[in-house]
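Report on the following structure.
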Amino acid sequence: MNNTAVKQETLLEVKGLTKYFPIQAGVFHKTVGHVKAVDDVSFTVKRGKTMGLVGESGCGKSTTGRVLLRLLEPTAGEVSFAGNDVFKADKRQLQRLRTQMQIIFQDPYSSLNPRLPVREIVGEAMLQHGIASGRRDMNERVIEVIGKCGLFPEQASRYPHQFSGGQRQRICIARALAVNPEFVVCDEAVSALDVSIQSQIINLLKDMQDEMGLTYLFISHDLSVVKFISDDVGVMYLGQIVEYGGKQQIFENPAHPYTEALLSAAPSFDPKARNNKKRIIMEGDVPSPANPPPGCRFHTRCPFAKDMCKEIVPENKELEPGHFVMCHKAHGLL
Amino acid sequence: MRAYIIRRILQIIPVFLGILIILFMIIELSPGGPMGNYIDPKMRPEMKEALAEKFGLNDPPVTRFFKWIGATLQGDLGQSIKFLKPVTEVLRPMIGPSLALSSLSLLLAMLVGIPAGIVSATKQYTLADNSLTVFSLIGISMPSFFFALLLLKFFSVDLGLFPLFGLRNPLYNAPNIFAQMGHMLWHLALPTVVLGLGSTATFMRYTRSSMLEVIRSDYIRTARAKGLAEKVVIYRHAFRNAVIPIITLLGFWIPALLSGAVITESIFGLPGLGKISVEAVMYRDYPIILAINAMLAMLTLLSTIIADILYAAADPRIKYN
């Protein structure tokens, strides 16, 4: 992006976002504990930029995306979107927010209603929110938006099962963009696709961003994809963002041992780089989010863990401007 | 689609023939025979012979089978041994009440069971869902004769709101056809509830489980993310996808309702197919047993075709050619 000199406006600000799922057991469904899927997560997304969110499966990436669109009700926290408090919005305000915040899901096979033709899938929300003035207008707009996404007008009357995976994801994107949103959560939007199709879809997302000035929250476990598309990156582990910063900072200069381990595990296409790369092998499995370890959540698998890490929760400190990390070692305390 | 329907109807023919062979064999193999009701212990052998000849029981089974099939295909279902009348004449007045009773109870089951199942699924684990679950368990486990007696005791004997039995009061003179229909509906109300209870509960449980599965899917989340009203999400997006198992159930239930009305018809003294088939079995009235069973078999075959056609109507992914 060439307008770095311009003061970047914050579009989305997330503070202390928390989502616990109750674990119920016994005859009377007594709540015996909570799965702490997202635990006190804060970050900001700048207008027109892409924030990548990476982490292993089960670390709370998708839950974060869903809670901040209020597809799931939050346990605690605050989300401010262009000055609106998302969690305090009433039914009508939420309806309006739905036109501004959209989501693209991972699986293009299950996220499209098999009973509806593309025209309905894409156009339905236009009618609901009064963006299209009638069915004829809707039809024109649908053809326009699917055209932008690389589909032909005659495909509007077909059903999802008549498309390939990549085409289906194009429908999903068209569907999300149909209401002219400002912000789109891409929840593993390319993970279910072939690598060759992945690049097409990522390029489409990028083109749409340039054309419509979109802001993305790009959730993925694929580091190379995140590196390609993101401006800022957050690394999640067990419901927390353990490191957050600009793309350069995270990929060139990772401060958290977990980030380093993730980066070292990513395959490289350069054989020379492959040889001098040191693999950091993490031991054990991800602990249960129902009962996260005390102190630093990563200490059970961290090669550098000391006694301090088992007891004291590391602070989320800014190492350099815009680069936050939750690690005693990175803070120079070990 | 048209070719498909024609092909399916043509496929009915061999299946139906097979069913008829098996039916005939089962009846032939079962002990006893229609003669038992006519034979006097003091009867002379030549009289027995003459009686058997009269009912056409002297021929070997294979000959009788082909005779029966041949006559049936020409629309002649034979003579009832018990009633000494043509089978068609015996059954004709019975079909109307049975059909009315079973279609009314199926209607009840769908109108109550499906919405209740949707409510139950959308409000999973709430008081409403739990109460409906208890109701459906009662509905499935309650023996119909007991439920019928409870209803009769309460609504007919104690409150006097509904008639005790029969399809019409012979002393009642209807001024017009609508009054006559109302009169019959009034008589059919309690039997409909009794017969419909189990199917209502079954429809409810099927709708609930099928809806629950659909509600959890991604495209429902997509529909919510679009900002659609909850009603639209549930009825336009979820229910349409949940309807396939309900159609399957419907296909099974149509013949089951006709044959399952035996107990209900007997308790309420309704002149219907259920009642007459019990009598026919007791009397070993072969032609009637065969005719009723053949009819139910045909109904089952047709219901499956109808269900298959409805699948295609409900789901664009299903295409026949």
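Convention: chains lettered A, B, ... in structure tokens order; per-chain residue numbering from 1; ligands numbered from 1 as shown.
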Using only C-alpha atoms, which residues of chain B come within 12 Å of chain A, and what is the closest atom pair for each, with the distance in Å to one decimal? Give it as a tab-separated table, sorted by chain and residue number.
```
residue	atom	partner	partner_atom	distance
B:Tyr125	CA	A:His29	CA	9.7
B:Thr126	CA	A:His29	CA	11.6
B:Val214	CA	A:Asn113	CA	10.0
B:Ile215	CA	A:Asn113	CA	11.3
B:Arg216	CA	A:Ser110	CA	10.5
B:Ser217	CA	A:Ser110	CA	6.8
B:Asp218	CA	A:Ser111	CA	4.4
B:Tyr219	CA	A:Ser111	CA	3.9
B:Ile220	CA	A:Ser111	CA	7.6
B:Arg221	CA	A:Leu71	CA	7.3
B:Thr222	CA	A:Ser111	CA	6.3
B:Ala223	CA	A:Ala125	CA	8.5
B:Arg224	CA	A:Leu71	CA	7.3
B:Ala225	CA	A:Arg98	CA	6.5
B:Lys226	CA	A:Ala125	CA	5.6
B:Gly227	CA	A:Arg98	CA	5.4
B:Leu228	CA	A:Gln128	CA	6.5
B:Ala229	CA	A:Gln128	CA	8.4
B:Glu230	CA	A:Lys91	CA	11.1
B:Val232	CA	A:Gln128	CA	10.0
B:Val233	CA	A:Asn113	CA	10.8
B:Arg236	CA	A:Leu116	CA	9.3
B:His237	CA	A:Asn113	CA	6.9
B:Ala238	CA	A:Asn113	CA	8.7
B:Phe239	CA	A:Arg115	CA	10.4
B:Arg240	CA	A:Arg115	CA	7.1
B:Asn241	CA	A:Arg115	CA	6.9
B:Ala242	CA	A:Arg115	CA	10.6
B:Val243	CA	A:Arg115	CA	11.0
B:Ile244	CA	A:Arg115	CA	11.5
B:Tyr311	CA	A:Arg115	CA	11.6
B:Ala312	CA	A:Arg115	CA	10.9
B:Ala313	CA	A:Arg115	CA	10.2
B:Ala314	CA	A:Arg115	CA	7.8
B:Asp315	CA	A:Arg115	CA	5.9
B:Pro316	CA	A:Arg115	CA	6.1
B:Arg317	CA	A:His161	CA	6.7
B:Ile318	CA	A:His161	CA	10.3
B:Lys319	CA	A:His161	CA	11.8
```
At a cut-off of 9 Å, using only C-alpha atoms, what residues contact Ile9 in chain B? Leave out same-chain residues fewer than 3 positions from it and give the result as a PyMOL selection string.
chain B and resi 4-6+12-13+301-302+305
For CA of Ala330 in chain A and CA of Phe269 in chain A, determine how far apart the two atoms are, in Å to one decimal place.
28.8 Å
Please return, as JSON, numbers by chain, all residues of range 65-240 of chain A that DSSP assigns to strand (DSSP E or B) on the basis of the backbone.
{"A": [76, 77, 78, 79, 80, 81, 84, 85, 101, 102, 103, 104, 183, 184, 185, 186, 187, 215, 216, 217, 218, 219, 220, 232, 233, 234, 235, 236, 237, 240]}
Would you kindly return, as an MDAnalysis selection string, each protein, DNA or RNA residue with an atom no farther than 10 Å from any atom of Glu260 in chain A, considering only C-alpha atoms and excluding same-chain residues fewer than 3 positions away?
chainID A and resid 250:257 263:265 278:280
Can those selected residues be exported to a file as a PDB file, in the first residue's frame so that it contains C-alpha atoms?
```pdb
ATOM      1  CA  ILE A 250       5.978 -11.208  12.774  1.00  0.00           C
ATOM      2  CA  PHE A 251       7.604 -12.983   9.854  1.00  0.00           C
ATOM      3  CA  GLU A 252      11.085 -11.428   9.947  1.00  0.00           C
ATOM      4  CA  ASN A 253      11.467 -10.883  13.618  1.00  0.00           C
ATOM      5  CA  PRO A 254       9.214 -13.170  15.636  1.00  0.00           C
ATOM      6  CA  ALA A 255       9.477 -12.640  19.371  1.00  0.00           C
ATOM      7  CA  HIS A 256       7.302 -15.383  20.799  1.00  0.00           C
ATOM      8  CA  PRO A 257       8.651 -18.964  20.856  1.00  0.00           C
ATOM      9  CA  LEU A 263       7.264 -20.327  11.236  1.00  0.00           C
ATOM     10  CA  SER A 264       9.892 -23.039  11.432  1.00  0.00           C
ATOM     11  CA  ALA A 265       7.236 -25.655  10.708  1.00  0.00           C
ATOM     12  CA  LYS A 278      16.360 -24.620  12.316  1.00  0.00           C
ATOM     13  CA  ARG A 279      13.241 -26.633  13.058  1.00  0.00           C
ATOM     14  CA  ILE A 280      11.788 -26.006  16.473  1.00  0.00           C
TER      15      ILE A 280
END
```
